[in-house]
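Asks: Got a structure for you, written out below as structure tokens; questions coming shortly.
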Amino acid sequence: MIELKNLDKYIESRFQRVFILKGIDLTIKEGEFITLMGPSGAGKSTLMNILGLLDEDYDGEYFFGDRNIKKMKERERAALHKSEFGYIFQAYHLIDELTVYENIETPLLYRNVSSNERKSIIANLLDRFNMVAKKDLFPAQLSGGQQQLVGIARAVAGKPRVLLADEPTGNLHSGQAKEIMEVFQELHREGTTIVQATHARENADYGTRLIDMLDGKIEKDEAIVHV
Amino acid sequence: MWKNYLKISFRNLQKRKLYTGINLIGLTVAIVSFLAICLYIQHEWSYDKMYSGYERIYKFNQEFVSEGESQLVSSTPSSLIPTLIDEIPDVETGTLLFDLSIFSSVLIDAGEGNQEEESFAYADENFFKVFDFDLLSGNPSQVLSEPNLLVLTRSTADRYFGDAGSAVGKVLKVEGMDFTVSGVMEDFPSNSHMVFDFLASFKSHRHGKNPEWSPSNYYTYVKLKSGTNVVDFQDKVEKIKEKYLGKELAQYGYRTFFHLQPVSDIHLGDQSLGSIKPGTDIRYLYIFGIVALLLIAIGIINYVNLATAEATERNKEVGLRKAMGAGRGQLFGQFVSESTLLTFAASVLSVLLLYLILPKFSAISGVSLSADSLINLGGLGFIIGLILIVGLLAGMYPALILSGMEPIKALANKTKMGGGAWVRKSLVVFQFFVSIGLLIATFIVKNQLDHMQNVSLGYDREQVITLPYHYSMRNAVETMKAEMLKSGAASSIALAGDIPVHIKAGYRIFPGGDNQREFMITGYSTDEDIVKTLNLTILAGTDLNDNDFSREEANDKEDLVPIILNESAIREMGWNAEEAIGKTVNFGHSDARIKAVVGDFYFNSLHENIGPLGIFKDQGNANVLLVKIPPGNPAATLATLEEVWKKLVPERPFNYKFIDQEYAQLYRSEERVGVIFTLFSGIAVLIACMGLFGLVSYVALRRTREISIRKVHGATQKDVISVLASDFFKLLLVASVLAIGFGLWFSDTWLQSFANRVSFSPWPYILSILPVLLLAGLTIGYRSWKVFRLNPAKTLKTD
């Protein structure tokens, strides 16, 4: 589904290039649940941003299916971005001025989903994440775990094939984290491809593949065996 | 999607109350001013467009050319229009008006004693064919068709008969003659160049019975058939003129032309032409239009500055939305809808406010304006257009900046302060350049106006009153003068053709002898007491006295008229004061002897230089009585004068005016411009300072952490203020320098139109820049002080 070939990302500083990613080769198959691990600065977030088409400033090749991202037109890339990807952030990043309902609705608006369809999608999501009673609250009125659930609901509202989660449990305590990971697992079972970056080894156990990163390179790439 | 945009916009506006407030007030004030000015301009522009086929209606102006000098007057002979109607088939119809009020007032009696009326005209029977004003009663083709018929306006009819409906058929005495009211018309609309209370049939006037080619005292209007070529028509008029006036013109050696002026051009046309109602200089309309746009621009700039400054705070939102698939266009739409929503709110407020302030503004501008003309399809369309344009202009740049941010950087809050700092700086400079520039212009205008009110005119205009003189008083006037002087209520009294504020009669003069050059001179018909009454300075020769002939008597006796010339006149002839005395000149086709020379005084607008003037006795042409009253209690003095007046001429109204007030009237349009300038430059400064307040607040907030760190390390309040203030003061200084440049240019250009202008003064510049700097300083100081007072422990912890 996704194939990165010899991908470099660097910053030109005054005297030398500082590589953030170097020589990344990575193939992601549809339906995988990949966990990226590694210390801060290893390049996990940068890699996630590139995967999610938020960052286009890199060398190397990126194929989505059989389409070369670099050769796509801006408009096509934007369309691909909209239709295939959902994002979850460590800091939840909900829009403070919008209610739970409206936050979930936002990506649907950008996808020109009709009003009736929006209503039914959001109703389903609220139901699924047990947030029906909270739909008119603002983010500031929710706990961190609840906010992240809204973040997930928002990310999956547009029915993306790939879900990218950058430290989704980083700000949560372990109970809430577990809950989030179970949601991920369920989404994975339904066929969503998931890539998450995390510091917590136990989160990797929910996935199917673990990639260790260090200094912009892939150190280790192994399948998780569930017993 | 739009619903969502509006919802978010609304919440965003609600959340940032300070900025929203500043923007809302700024835009509201700007839009109110803009709308008020637009209404004013629209009103001025709509003049004389209410007659059907107004594009085919023209007024004639007459030009006299003699010896290379030309004079354009707005009136024509009474024969012109009947001849044109008879001889040129292009003419659909035409009419003439004789405005009596420029010569004298009229006494009207409805059986309850004389009332003095100032707005009386004769019109011929075609008047309502050319100007299809609505008649409440009466047949438009008949109301002026016979002698001694009178049409009243509705309010005049109400005034005389209490009820406009019952006026027709009643009889009014006009200067002792019976006139029958034949019709009542609606009051003249405020956007018509004519305004009268009475229209009498021209056939009642002696010239109405026998039209003549001289004098040129009549306003002539012609309505051409559709499809007439105006140039061809003008040629035909030229031929008519040759046919009837050719011989006479050749004999006297001057030429004359009849020029067509579209009726809708009269109000904004050449202001030097006399007209029924004072017109408006079209340049002032342009200036007001520009001021209106500048005010809106200042309001928009506030929005742009605040929105781009706070862009950093919205980085996260923008980044998120992009990550969720928002296109640039969609984000742009969201931010523009925010500014449009605000503009919409401001516009609604503005229209409400407009209703409150319009009566006030009407008083200032001297034009009765109504906001009702906004409440129709065109008006609403205009306002909606305004909202969209202002909303787009205000939102566009911030929207471009915000929607252009890269999502990762935006999410990581890595973008620098809003980007485009130099744009914001230039906009602040522009705002203050405009505000200070307007202030400077205001002060320059005010300086010149003050100067005109205080300048020495060369005669005494204080303590001089004018009373209307009518030739029917000629037998009583000598007794009246004597009694008034005796009563002590007057120290000197003179009869004169005009008040000295504006003397109009034109004559030709040539010195004779080897100096044959003829030139135009203004003539002042007076009696022997004028020099004393106005306290003119005699440079040489002796004053007129009882024994001197008047011009009329001299003509009869074929003797020389004694005449007083002013300095400009003898300078024109190349003489000095001493050698001019006793010389003979040809003055208006009769010989005159120079008896005295007086110092120059202003007998016209200060826009013009003092021209040559000749003063001679001619009581027959007197229209006013100039009375110099002693200082002291004017009320008692006037009462005494009135007593004498009532005793001698009880039928004439005692209607006094102070000459200095009449003088002030001359500059009413400038005065008005001054007031409007003051108003709008004040508003501009206000809006700009509010914007500055917002911007400074924002910067202070952003730099809270920096200031706290400085404070912890020992910075005093002064240090902190100077940190914050220096950036802004640099901008204000740049703006001030630009504004000074503008002021110099403006004073040069505007003052050009005054022959007597105020000398350069640094005060307008100082008085404009200093308060603005002070206000800006206060703003900056206040915000810095508030930040400085914060406890560093708190501000640093939360960061």
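Simple scheme: letters A, B, ... for chains in structure tokens order, numbers from 1 for residues in each chain, numbers from 1 for ligands in the order shown.
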Once you count only C-alpha atoms, which residues of chain A turn out to be within 8 Å of chain B? Could you give them as a list in words?
Replies: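 Per the criterion, chain A yields Asn49, Leu54, Asp55, Ala78, His81, Lys82, Gly86, Tyr87, His93, Leu94, Ile95, Glu97, Leu98, Thr106, Pro107, Leu109, Tyr110, Arg111 and Ala155 of chain A.
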Asks: Would you pick out the contacts of Gly60 of chain A at 12 Å or less, using only C-alpha atoms, so that residues sharing its chain but fewer than 2 positions from it are not included, and give the list as a PyMOL selection string?
Replies: chain A and resi 3-10+21-26+50+56-58+62-63+68-71
Asks: Measuring between only C-alpha atoms, which one of A:Tyr101, A:Thr198, A:Pro168, A:Leu108 shows the shortest distance to Val132 of chain A?
Replies: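 Among the listed residues, the smallest separation from Val132 of chain A belongs to A:Tyr101.
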Asks: What's the 7 Å shell around segment 160-163 of chain A, counting only C-alpha atoms, without same-chain residues fewer than 5 positions away, as a short mmCIF file (atom, residue, chain, number, x, y, z; two decimals) with C-alpha atoms, in the first residue's frame?
Replies:
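Saved to out_9.cif:
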data_model
loop_
_atom_site.label_atom_id
_atom_site.label_comp_id
_atom_site.auth_asym_id
_atom_site.auth_seq_id
_atom_site.Cartn_x
_atom_site.Cartn_y
_atom_site.Cartn_z
CA SER A 83 -9.60 10.50 1.34
CA GLU A 84 -6.97 8.19 2.79
CA PHE A 85 -5.54 9.63 6.00
CA GLY A 86 -6.72 10.32 9.52
CA TYR A 87 -4.60 11.94 12.21
CA THR A 192 -7.84 0.17 9.07
CA THR A 193 -4.11 0.45 8.53
CA ILE A 194 -2.58 2.10 11.60
CA VAL A 195 0.81 3.66 12.17
#
Asks: Taking the backbone alone, and naming residues the way the document does, which bits of segment 47-165 of chain A are strand (DSSP E or B) by DSSP, as an NGL selection string?
Replies: :A and (59-64 or 67-68 or 85-88 or 162-165)
Asks: Rank B:Val336, B:Leu172, B:Leu150, B:Ile594 by their smallest atom-to-atom distance to Ala577 of chain B, using only C-alpha atoms, and report the top residue only.
Replies: B:Ile594
Asks: Could you tell me how far atom CA of Gly366 of chain B lies from atom CA of Ala36 of chain B, in Å and to one decimal?
Replies: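 So the answer is 12.9 Å.
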